[in-house]
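Participant: Structure provided below as structure tokens; questions to follow.
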Amino acid sequence: MTDGGNSSLIAFICYTAVVLSLAVISNYAFKKRSFLSEYFLGSRGLGVIALALTFGATSASAGSFAGFPSLIYAHGWSLALWIASYMVFPICSMGILGKRLSIVSQRTGAITVPDILRIRFESRTIALISTSLLAILLCVYLVPQFTLAALIMQQLLGSSPIYQDLALHLQSVVPNLIPENSNPEYVFGLLLFAILVVVYTTFGGFRAVVWTDILQGFVMVIGVLLMLVFALIEVGGLPKASSEMSSMQPPRLGTASFIVNSPAPAEGIRIESETWFTEEGKLFRTNEAAYIPEGTHESDPIKVTQIMTPSEIQRITSGRTFALPASPKIHELTAYARGDGQSGLYLHPPGPSPSDPNGFLPLGLAVSFFAFWALAGTGQPGNMVRLMAFTGTRTLRRAIASLVIYFLMIYIPLIIIFCCARILAPGLDHTPDRIMPVMAYILSNGAGIPWMAGILIAAPFAAAMSTVDSFILMISSSVVRDVYQQSIHPTASQRTLKWISYGTTLLIGVVATIGALYPPQFLQYIIVFTGGGLAVAFLAPVALGLYWPRFNTSGAMMSMTLGIAVYALLYLIGFILLGEITPVRPMGLDPLIWGFLASLIGGWIGTYLRGPNSEGVMEKFFA
């Protein structure tokens, strides 16, 4: 076993032990309390640090450490505009909804967001519709989280011979579990992650999720700050990085195969991913591993990236030779739709784009994304649940200030780190989702501390875990509370609710794991789509229900259905026209903006179709 693999394995085992210990302690904590309130809201006892870090850790999903870095790597500094409003969304979410949600949930005894809607509008139908939307969208959201976590596990522990042997053993014992063309190390990592997160979430409930979120919140910010220091040292400082990026031209993306004159030997011939090679004086890097099977002469085509910047080519090739066991054969190369042959596009918007001639972030899209994150973050049911569980107004005020600082300490360094990655790890443009673990190993090896890679990779792993546990628990709480207890068995005992909650939590984890066995493409776009869909479905009904006494059941129904219909339609049209999860954007504005406007209009129209709610509801919500 290598030192790096050994240290990573030890770090993972220690981390797992701490997480499971927190779940055991949490399980003892709620034995003498009301099960539902404790299991799903921690008896509404969050303090400043707990509220800030569980809110922040849940919001900073694996997409923040995989999808977001991949976009920075692919498009450069324009991502600062793309993510800018995420710094202030805690002010919007906590400031607008926090105090009212806390007061109303305590007055009514509500435990979930659909529970709030059911009580406010005196309608089980709207609770069931909102539960269905929440469960469907969050299950879709969980799949890329599980996928990214499995990729992180594979990168973290893949160098360990024990891990490799166990993955191969799993493939031999249950061959049908490994989908065709899947890496057994990926599948084994997925199962490890799924077992860990489902066990401690099921066993420990909300309090265990919060405690692990606190731990993971510290892990995330420490990992990011360490990477920032190492990246700036490795690249020679931010001015030098900006100078080199100013001369960069976007690469060309294509495919290539590898050919040998004599048949390949019994063990075949393998050319690893991230291998540099030259062809007719041009510089390429493989983005996948190529394999020439025994007795054959040519590999299947794999993805390759051609470096186009002259100074970059000189820097990479200087003093190096590129010897391969096979001759490359380039099949096709595609130029960027915006940026091909141009320098400096990585330093300013709209940024280079492989497919859009307008660039990655045209002005209208930049404006709409500033609204997107503020609205999307505020409208997430997972964030709303946290706002039903804190101790008082002073806690809320201090948590808002703490969380703004926390996000600044994560997202600004990430932009700098992965702009530096264009210089330190060029040529990964076909597979940019891997840039986080690749950079972790480059920076730790460059600093002469190879074991540090395990700590750096723990940041995205913690982000995935903190989001997954919160969303699994939220789906489970809505199903148990709003479907089973309210509609099927209102007199169910605490013991029955406990075991139904355990079973539901376990089932959701299994469903997400199965989905991640067949990982989708465009992970960050799926995260954006589902996050926007949740905000469109819930933000207007919840906010109007909390602040507008006249708002009623028909208004809530029209708000929710019209908003999500417009949002989904724009994505559906984009999918039909473009063949990928990219929406059409009327006037350059994101579908979330149009969906939210449709939700407000639907709520206003629907409200005046019927009379107001009963006096009892008005007393609970507006007295």
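Chain lettering (A, B, ...) mirrors the order of the structure tokens, residue numbering begins at 1 for each chain separately, and ligand numbering begins at 1 in order of display.
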Show which residues sit within 8 Å of segment 152-157 of chain A, as a PyMOL selection string. Count only C-alpha atoms, and ignore same-chain residues fewer than 4 positions away.

Facilitator: chain A and resi 5+8-9+148+163+185-186+189-190+193+437+453-454+457+460-461

Participant: Would you mind listing what lies within 8 Å of segment 322-329 of chain A as a list in words, with only C-alpha atoms counted and same-chain residues fewer than 5 positions away left out?

Facilitator: Ala256, Ser257, Phe258, Ile259, Val260, Ile269, Ile271, Trp276, Phe277, Thr278 and Glu279 of chain A

Participant: Could you pull out the alpha helix (DSSP H) residues of segment 291-352 of chain A from DSSP and send them as a list in words?

Facilitator: Pro310, Ser311, Glu312, Ile313, Gln314, Arg315, Ile316 and Thr317 of chain A

Participant: For the selection you just gave me, I'd like the residues written to a file as a short mmCIF file (atom, residue, chain, number, x, y, z; two decimals), in the first residue's frame, keeping C-alpha atoms.

Facilitator:
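Result file follows (result-v1.cif):
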```cif
data_model
loop_
_atom_site.label_atom_id
_atom_site.label_comp_id
_atom_site.auth_asym_id
_atom_site.auth_seq_id
_atom_site.Cartn_x
_atom_site.Cartn_y
_atom_site.Cartn_z
CA PRO A 310 1.54 28.76 -27.75
CA SER A 311 3.05 29.82 -24.41
CA GLU A 312 1.22 27.01 -22.64
CA ILE A 313 2.44 24.45 -25.16
CA GLN A 314 6.00 25.66 -24.68
CA ARG A 315 5.72 25.50 -20.88
CA ILE A 316 4.31 21.95 -20.90
CA THR A 317 6.67 20.51 -23.52
#
```

Participant: Could you please determine the separation between atom CA of His430 of chain A and atom CA of Asn287 of chain A in Å, to one decimal place?

Facilitator: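 Computing the Euclidean distance for atom CA of His430 of chain A and atom CA of Asn287 of chain A yields 6.2 Å.
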
Participant: Please provide as a list of chain:residue names all residues within 9 Å of Ala52 of chain A, with the sequence filter that same-chain residues fewer than 5 positions apart are discarded (counting only C-alpha atoms).

Facilitator: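 Result of the neighbour search: A:Gly47, A:Ala57, A:Ile214, A:Leu396, A:Arg398, A:Ala399, A:Ile400, A:Ala401, A:Ser402, A:Leu403, A:Tyr406.
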
Participant: Pick out the closest residue to Ala80 of chain A from this set: A:Ile412, A:Ala335, A:Ala537, A:Leu168. Count only C-alpha atoms.

Facilitator: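 Answer, going by the shortest atom-to-atom distance: A:Ile412.
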
Participant: Closest to Met94 of chain A among A:Ile111, A:Val24, A:Val385, A:Leu253, using only C-alpha atoms?

Facilitator: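 Of A:Ile111, A:Val24, A:Val385, A:Leu253, the one nearest Met94 of chain A, counting only C-alpha atoms, is A:Val385.
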